[in-house]
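K.L.:
Encoded as structure tokens, here's the structure I'll be asking about.
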Amino acid sequence: VYGYSYSLPEVSEDELLTEVLRDENNLWLLVYDNEEKLCGSILFRIDKNNLLSKALAAVVKDKYRNNKIFEIIFNLGFWYSLFNSEAIYALSRTVTVGPQKVLLKNNFIPAGIFPNVRRVLTYENHSLFVYLTPKGLKKRQNLEKMNILVNKIYQVLLRYLYKIQFNSYLSKHRKILTKILNENFDKALLQKVNIKPIMLSNISIRVENVEKEYREKLSKLRFKFMPFHKPNFKVETPIGSIFLHFNYIDKHCVIMGLEVQDDIEKIYNLFYNVPFIVDKLDARYLEVVSKAENYFYHNILIDIGFVPCAYFPIMLKEGNKRKDIAIFFYPFNFPNLKNMIVPSIFKDYLHIIYSFLVKKIQEEIDLIETFEI
């Protein structure tokens with residue numbers, strides 16, 4: 001049911017596929033027709049430590065797509081996830097309407113968009129939908145400060161919540177929702193980071209025993225939250241190291257942890273160099289996930305050129321609390337926005353992302369040193 005170009009590691013990598021199938025927490029649903037031919041599939045992965053669920057690898061063959069097969073198997077997996085998770089999410093391609101409508105019908109919230117997230121036959125954009133359970137929302141840790149650009153993304157999500165707060169699901173949890181909608185926190189200004197960027201040399205890249213080393217050092221790493229991914233690259237530099245997951249097929253790359261001292265200049269320059277390093281690996285998309293409360297480090301990311309593109313409330317479990325997450329991407333290419341068909345809220349996210357980029361480019365042009373001729 002998956003074609004040769006299907007790039008998700010759970011499907012394309014035999015070792016991970018076997019691991020997923022052997023994990024009793026996961027649920028993989030397959031649909032066969034009367035001739036016992038496979039016609040549909042969907043996978044729900046469960047992170048038991050984080051009480052987080054992800055729906056992925058949903059495929060229905062063309063000739064079966066008017067039979068509500070996707071909606072039926074999604075609902076089965078969704079109810080399974082509700083019993084095992086405090087938050088659920090799914091990514092949907094922005095060129096197909098059906099899955100997005102099913103997610104909205106099940107009270108998933110549009111939480112952001114990932115431009116050029118995968119390069120298969122062409123660049124694809126994926127929309128993020130999140131489901132916030134009442135038990136997860138009750139554990140949500142209140143915010144005290146938020147980066148002002150991250151807050152713009154968050155405000156789009158809040159406007160959507162305000163709009164739908166009286167629907168049948170959310171009205172049952174009015175107290176929780178009202179608390180979120182009326183939350184007060186300081187908006188930290190975008191501050192210019194006065195650190196001179198340095199191009200690092202003596203860089204080495206390792207692929208052997210990366211996952212084993214990552215697990216051993218996980219407690220000491222920074223920016224290490226990246227669920228349902230495994231590191232397969234380690235970039236070593238004179239000032240620190242970066243663990244990465246890089247997908248060879250679709251050129252998708254995510255940062256899985258920084259091994260670096262508590263030194264702002266070193267953290268800045270590691271982040272500054274990562275896009276250039278992964279560009280040499282032919283990565284076309286780069287992502288980093290960060291707690292929403294880390295407003296100062298968000299100034300660093302934004303100064304370097306990373307842009308917030310999504311906001312996921314209660315994604316991260318820490319102790320007895322759940323924390324909001326901001327997701328950033330690094331724009332390598334001009335966005336491919338052709339043939340998109342999405343709920344209008346995703347246009348709001350795109351306007352924020354690319355209005356900021358245009359403004360940042362104008363500021364960078366103004367800062368260029370010149371001489372008279």
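Residue numbering restarts at 1 for every chain of the structure tokens, chains are lettered A, B, ... in their displayed order, and ligands are numbered from 1 as they appear.
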Under the rule of at most 8 Å, produce a per-residue listing of segment 171-279 of chain A near segment 117-138 of chain A: chain, number, name, the closest pair of atoms, and the distance in Å, as a Markdown table, using only C-alpha atoms.

P.N.:
```
| residue | atom | partner | partner_atom | distance |
| --- | --- | --- | --- | --- |
| A:His173 | CA | A:Pro134 | CA | 7.0 |
| A:Ile176 | CA | A:Lys138 | CA | 6.9 |
| A:Ile249 | CA | A:Val120 | CA | 7.4 |
| A:Asp250 | CA | A:Arg119 | CA | 4.7 |
| A:Lys251 | CA | A:Arg119 | CA | 6.3 |
| A:His252 | CA | A:Arg118 | CA | 5.6 |
```

K.L.:
Quick one: everything within 10 Å of Arg222 of chain A, counting only C-alpha atoms, minus sequence neighbours fewer than 2 positions away in the same chain. Send it as a list in words.

P.N.:
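After dropping sequence-adjacent residues, the list is Leu218, Ser219, Lys220, Lys224, Phe225, Ile242, Met256, Gly257, Leu258, Glu259, Val260, Gln261, Asp262, Ile267 and Ser290 of chain A.
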
K.L.:
Using only C-alpha atoms, what does the table of segment 272-335 of chain A residues within 10 Å of segment 44-65 of chain A look like, with each row giving the shortest atom pair and its distance in Å to one decimal, sorted by chain and ascending number, as a Markdown table?

P.N.:
```
| residue | atom | partner | partner_atom | distance |
| --- | --- | --- | --- | --- |
| A:Ile314 | CA | A:Leu52 | CA | 9.5 |
| A:Met315 | CA | A:Leu52 | CA | 7.2 |
| A:Leu316 | CA | A:Asn50 | CA | 6.6 |
| A:Lys317 | CA | A:Asn50 | CA | 5.3 |
| A:Glu318 | CA | A:Asn50 | CA | 8.1 |
| A:Gly319 | CA | A:Asn50 | CA | 9.6 |
| A:Arg322 | CA | A:Asn50 | CA | 9.1 |
```

K.L.:
For the residues in that selection, give me all heavy atoms as a compact mmCIF listing (two decimals), in the first residue's frame.

P.N.:
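Generated output (part.txt):
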```txt
# COMPACT_ATOMS: atom_id res chain seq x y z
N ILE A 314 0.72 21.55 25.89
CA ILE A 314 0.84 20.31 26.72
C ILE A 314 1.52 19.15 26.00
O ILE A 314 1.29 18.00 26.33
CB ILE A 314 -0.53 19.87 27.29
CG1 ILE A 314 -1.49 19.38 26.21
CG2 ILE A 314 -1.17 21.00 28.11
CD1 ILE A 314 -2.75 18.67 26.77
N MET A 315 2.38 19.43 25.05
CA MET A 315 3.03 18.33 24.33
C MET A 315 4.02 17.57 25.21
O MET A 315 4.17 16.35 25.10
CB MET A 315 3.76 18.87 23.09
CG MET A 315 4.33 17.78 22.20
SD MET A 315 5.23 18.43 20.79
CE MET A 315 5.43 16.95 19.79
N LEU A 316 4.71 18.29 26.09
CA LEU A 316 5.80 17.70 26.87
C LEU A 316 5.37 17.42 28.30
O LEU A 316 4.81 18.29 28.98
CB LEU A 316 7.00 18.67 26.88
CG LEU A 316 8.17 18.32 27.80
CD1 LEU A 316 8.82 17.01 27.37
CD2 LEU A 316 9.19 19.44 27.83
N LYS A 317 5.64 16.21 28.77
CA LYS A 317 5.37 15.85 30.16
C LYS A 317 6.66 15.96 30.96
O LYS A 317 7.67 15.34 30.63
CB LYS A 317 4.83 14.42 30.23
CG LYS A 317 4.47 13.94 31.64
CD LYS A 317 3.90 12.53 31.57
CE LYS A 317 3.51 12.03 32.96
NZ LYS A 317 4.69 11.83 33.83
N GLU A 318 6.62 16.78 32.01
CA GLU A 318 7.75 16.90 32.94
C GLU A 318 7.23 16.70 34.36
O GLU A 318 6.54 17.57 34.90
CB GLU A 318 8.43 18.26 32.81
CG GLU A 318 9.38 18.37 31.64
CD GLU A 318 10.29 19.59 31.73
OE1 GLU A 318 10.08 20.43 32.64
OE2 GLU A 318 11.19 19.71 30.89
N GLY A 319 7.55 15.57 34.96
CA GLY A 319 7.03 15.27 36.29
C GLY A 319 5.51 15.16 36.23
O GLY A 319 4.95 14.43 35.42
N ARG A 322 2.50 19.29 32.47
CA ARG A 322 2.67 19.23 31.03
C ARG A 322 2.99 20.65 30.55
O ARG A 322 2.38 21.63 31.01
CB ARG A 322 1.42 18.70 30.32
CG ARG A 322 1.07 17.28 30.71
CD ARG A 322 0.14 16.63 29.70
NE ARG A 322 0.85 16.34 28.46
CZ ARG A 322 1.48 15.19 28.20
NH1 ARG A 322 1.47 14.22 29.09
NH2 ARG A 322 2.08 15.00 27.04
```

K.L.:
So, counting only C-alpha atoms, which residue among A:Cys253, A:Arg159, A:Glu265, A:Glu35 is closest to Asp279 of chain A?

P.N.:
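Smallest distance to Asp279 of chain A is found for A:Cys253.
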
K.L.:
Residues of segment 208-329 of chain A in strand (DSSP E) according to DSSP, as number ranges by chain?

P.N.:
A: 233-237, 240-246, 252-259, 285-291, 307-318, 321-329

K.L.:
Return as a list in words the full set of residues in segment 226-311 of chain A whose backbone-based DSSP assignment is alpha helix (DSSP H).

P.N.:
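Those residues are Ile264, Glu265, Lys266, Ile267, Tyr268, Asn269, Leu270, Phe271, Tyr272, Asn273, Val274, Pro275, Phe276, Ile277, Val278, Asp279, Lys280, Tyr295, Phe296, Tyr297, His298, Asn299, Ile300, Leu301, Ile302, Asp303 and Ile304 of chain A.
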